[in-house]
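Enquirer: The structure's right below; bear with me while I get my questions together.
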Amino acid sequence: MKTVRTIELHSGSREERLPDFTPDFPYIASRCELSRSARPFVPWHWHPAAELFFIRDGSLEYHTPGGNMRFPEGSGALVNCNVLHMTLLSGKAQRCVQYLHIFEPSFLAGEHDSRIARRYIMPLTASGTEIIPFFPDVEAHRELLHILQKSFQLSESAYGYELRLRAALSEIWLRLPEAAKCRAASSGRYGVNSKTDGRIKQMLAYIHEHYTERLSASEIAASAYCSNRECFRLFQKQLHTTPTEYITDLRLQKACRMLTESRESITQIGQSCGLGSGSYFGKVFRQRMGQTPAEYRRKWQDTAISWQK
């Protein structure tokens, strides 16, 4: 299982890169330690694959266009294919370890138009459901969580690993409709309109291609063929923020990464990230991060060195 502390996204969209996927085995497992990252959150992104996770330690918040949900230790969920989502540490969690299965539906269904795909896979992936949570205090979820936790203990070197893994994921998938019913009565927020979802993805892709430039709301709206008013409405409804705030957060994410991973000057980083002069960059950075760029760089570069020892 690969340990990750950050993810890579395609530059032209918010689709996550899945470099370890192969046509004959469209699956990866990872152990995510967000609490040991210089940026304790994963920005808005999406992927065609399904995401099935278990929280071993700590607590995470998942944000989707439909709302926010906290996942404490011992809980888990399925994030449906192509769903926009972001994650961040919940509260003041000092440590968080998350196990993830990320897999194409074809890993379970085989051929796209197979009977298994039509009967069991597509009814969920095409349903508009964003996320199905599993909590240990819900009786109907406990066995599912047990199977999920055990599935991460399968040995990749053992004979039959691929078949055992697919069997475990298939068993979990069969239990998803019942797990979803346990939440449906109390919340109907998991549906998402595919048309508006597509437009917000177009605007995000445009922002991520042009964040180093001066960006206006009109340009962002035009990238998805909608009005300024509709642009602001979609950002508020889907991402719970404004285009301006999103752009600032994105620029700061890029700046944080450059501060910890490059030797460029702080002035150069501010300009490269679209935050302008050193003084303005420093002001915005301190307002959002609670420390200066120099203090942030010193802290996280020292931390990275200590991890390597």
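We name chains A, B, ... following the order of the structure tokens; residues begin at 1 in each chain, and ligands are numbered from 1 as shown.
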Counting only C-alpha atoms, what is within 10 Å of Ala217 in chain A, bar same-chain residues fewer than 2 positions away, as a CSV table (one decimal) with N, CA and C atoms, in the first residue's frame?
Expert:
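Result file follows (around14.csv):
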```csv
chain,number,residue,atom,x,y,z
A,215,LEU,N,-7.8,37.4,-13.2
A,215,LEU,CA,-9.0,36.7,-13.6
A,215,LEU,C,-10.2,37.5,-13.2
A,219,GLU,N,-14.8,36.3,-17.2
A,219,GLU,CA,-14.0,35.3,-17.9
A,219,GLU,C,-14.3,33.9,-17.4
A,220,ILE,N,-14.4,33.7,-16.1
A,220,ILE,CA,-14.7,32.4,-15.5
A,220,ILE,C,-16.1,32.0,-15.9
A,221,ALA,N,-17.1,32.9,-15.9
A,221,ALA,CA,-18.4,32.5,-16.3
A,221,ALA,C,-18.5,32.1,-17.7
A,222,ALA,N,-17.8,32.9,-18.6
A,222,ALA,CA,-17.8,32.6,-20.0
A,222,ALA,C,-17.2,31.2,-20.3
A,227,SER,N,-23.9,33.2,-17.1
A,227,SER,CA,-23.8,34.6,-16.7
A,227,SER,C,-22.9,34.8,-15.4
A,228,ASN,N,-22.5,36.0,-15.1
A,228,ASN,CA,-21.8,36.2,-13.9
A,228,ASN,C,-22.6,35.8,-12.7
A,229,ARG,N,-23.9,36.1,-12.7
A,229,ARG,CA,-24.8,35.8,-11.6
A,229,ARG,C,-24.9,34.3,-11.4
A,231,CYS,N,-22.6,32.1,-12.3
A,231,CYS,CA,-21.3,31.7,-11.9
A,231,CYS,C,-21.2,31.8,-10.4
A,232,PHE,N,-21.6,32.9,-9.8
A,232,PHE,CA,-21.5,33.1,-8.3
A,232,PHE,C,-22.5,32.2,-7.7
A,242,THR,N,-17.0,31.7,-2.9
A,242,THR,CA,-17.1,32.6,-4.1
A,242,THR,C,-16.0,32.3,-5.0
A,243,PRO,N,-16.1,32.7,-6.3
A,243,PRO,CA,-15.0,32.6,-7.2
A,243,PRO,C,-13.7,33.3,-6.7
A,244,THR,N,-13.8,34.5,-6.2
A,244,THR,CA,-12.7,35.2,-5.7
A,244,THR,C,-12.0,34.5,-4.6
```
Enquirer: Leaving out Leu165 in chain A and any residue of its chain fewer than 6 positions from it, which residues lie within 12 Å of it when counting only C-alpha atoms, given as a list in words?
Expert: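 What passes the distance filter is Phe25, Tyr27, Ile28, Ala29, His101, Phe103, Phe107, Leu108, Ile147, Leu148, Lys150, Ser151, Phe152, Gln153, Leu154, Ser155, Glu156, Ala158, Tyr159, Glu171 and Ile172 of chain A.
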Enquirer: Using Å and a single decimal, report how far CA of Glu295 in chain A sits from CA of Leu259 in chain A.
Expert: 10.0 Å
Enquirer: In Å, with one decimal, what is the gap from CA of Tyr99 in chain A to CA of Leu78 in chain A?
Expert: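 Distance reported for this atom pair: 12.1 Å.
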Enquirer: Env of Ala179 in chain A: 8 Å cut, atoms = only C-alpha atoms, seq-sep filter 2 positions within chain, self excluded. Answer as a compact mmCIF listing (two decimals) with N, CA and C atoms, in the first residue's frame.
Expert:
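Output (result.txt):
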```txt
# COMPACT_ATOMS: atom_id res chain seq x y z
N ILE A 132 -21.84 7.76 0.30
CA ILE A 132 -22.58 6.89 1.22
C ILE A 132 -21.69 6.65 2.43
N PRO A 133 -22.07 7.19 3.60
CA PRO A 133 -21.23 7.04 4.79
C PRO A 133 -21.53 5.76 5.55
N PHE A 134 -20.52 5.29 6.30
CA PHE A 134 -20.69 4.14 7.19
C PHE A 134 -20.17 4.55 8.57
N ALA A 140 -26.50 -1.37 11.07
CA ALA A 140 -26.44 -1.90 9.71
C ALA A 140 -25.10 -1.64 9.02
N HIS A 141 -24.28 -0.77 9.61
CA HIS A 141 -22.98 -0.44 9.01
C HIS A 141 -21.82 -1.25 9.59
N ARG A 175 -23.58 -4.39 -0.23
CA ARG A 175 -24.17 -3.86 0.99
C ARG A 175 -24.45 -2.36 0.92
N LEU A 176 -24.01 -1.70 -0.15
CA LEU A 176 -24.16 -0.25 -0.25
C LEU A 176 -25.61 0.22 -0.30
N PRO A 177 -26.51 -0.43 -1.06
CA PRO A 177 -27.90 0.05 -1.07
C PRO A 177 -28.52 0.09 0.32
N LYS A 181 -29.78 3.42 2.54
CA LYS A 181 -31.13 3.58 3.10
C LYS A 181 -31.10 4.08 4.53
N CYS A 182 -30.08 3.69 5.27
CA CYS A 182 -29.98 4.10 6.68
C CYS A 182 -29.80 5.60 6.81
N ARG A 183 -29.28 6.26 5.77
CA ARG A 183 -29.08 7.70 5.83
C ARG A 183 -30.15 8.47 5.07
```
Enquirer: Assign secondary structure with DSSP using the backbone only, and return the residues of range 29-153 of chain A in alpha helix (DSSP H) as a list in words.
Expert: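 These are the residues in question: Ser106, Phe107, Leu108, Ala109, Arg115, Ile116, Met122, Pro123, Leu124, Thr125, Glu139, Ala140, His141, Arg142, Glu143, Leu144, Leu145, His146, Ile147, Leu148, Gln149, Lys150 and Ser151 of chain A.
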Enquirer: Any idea what's packed within 12 Å of Cys273 in chain A, counting only C-alpha atoms, ignoring anything in its chain fewer than 3 positions away? Could you give it as an MDAnalysis selection string?
Expert: chainID A and resid 208:214 247:259 264 266:270 276:278 281 285
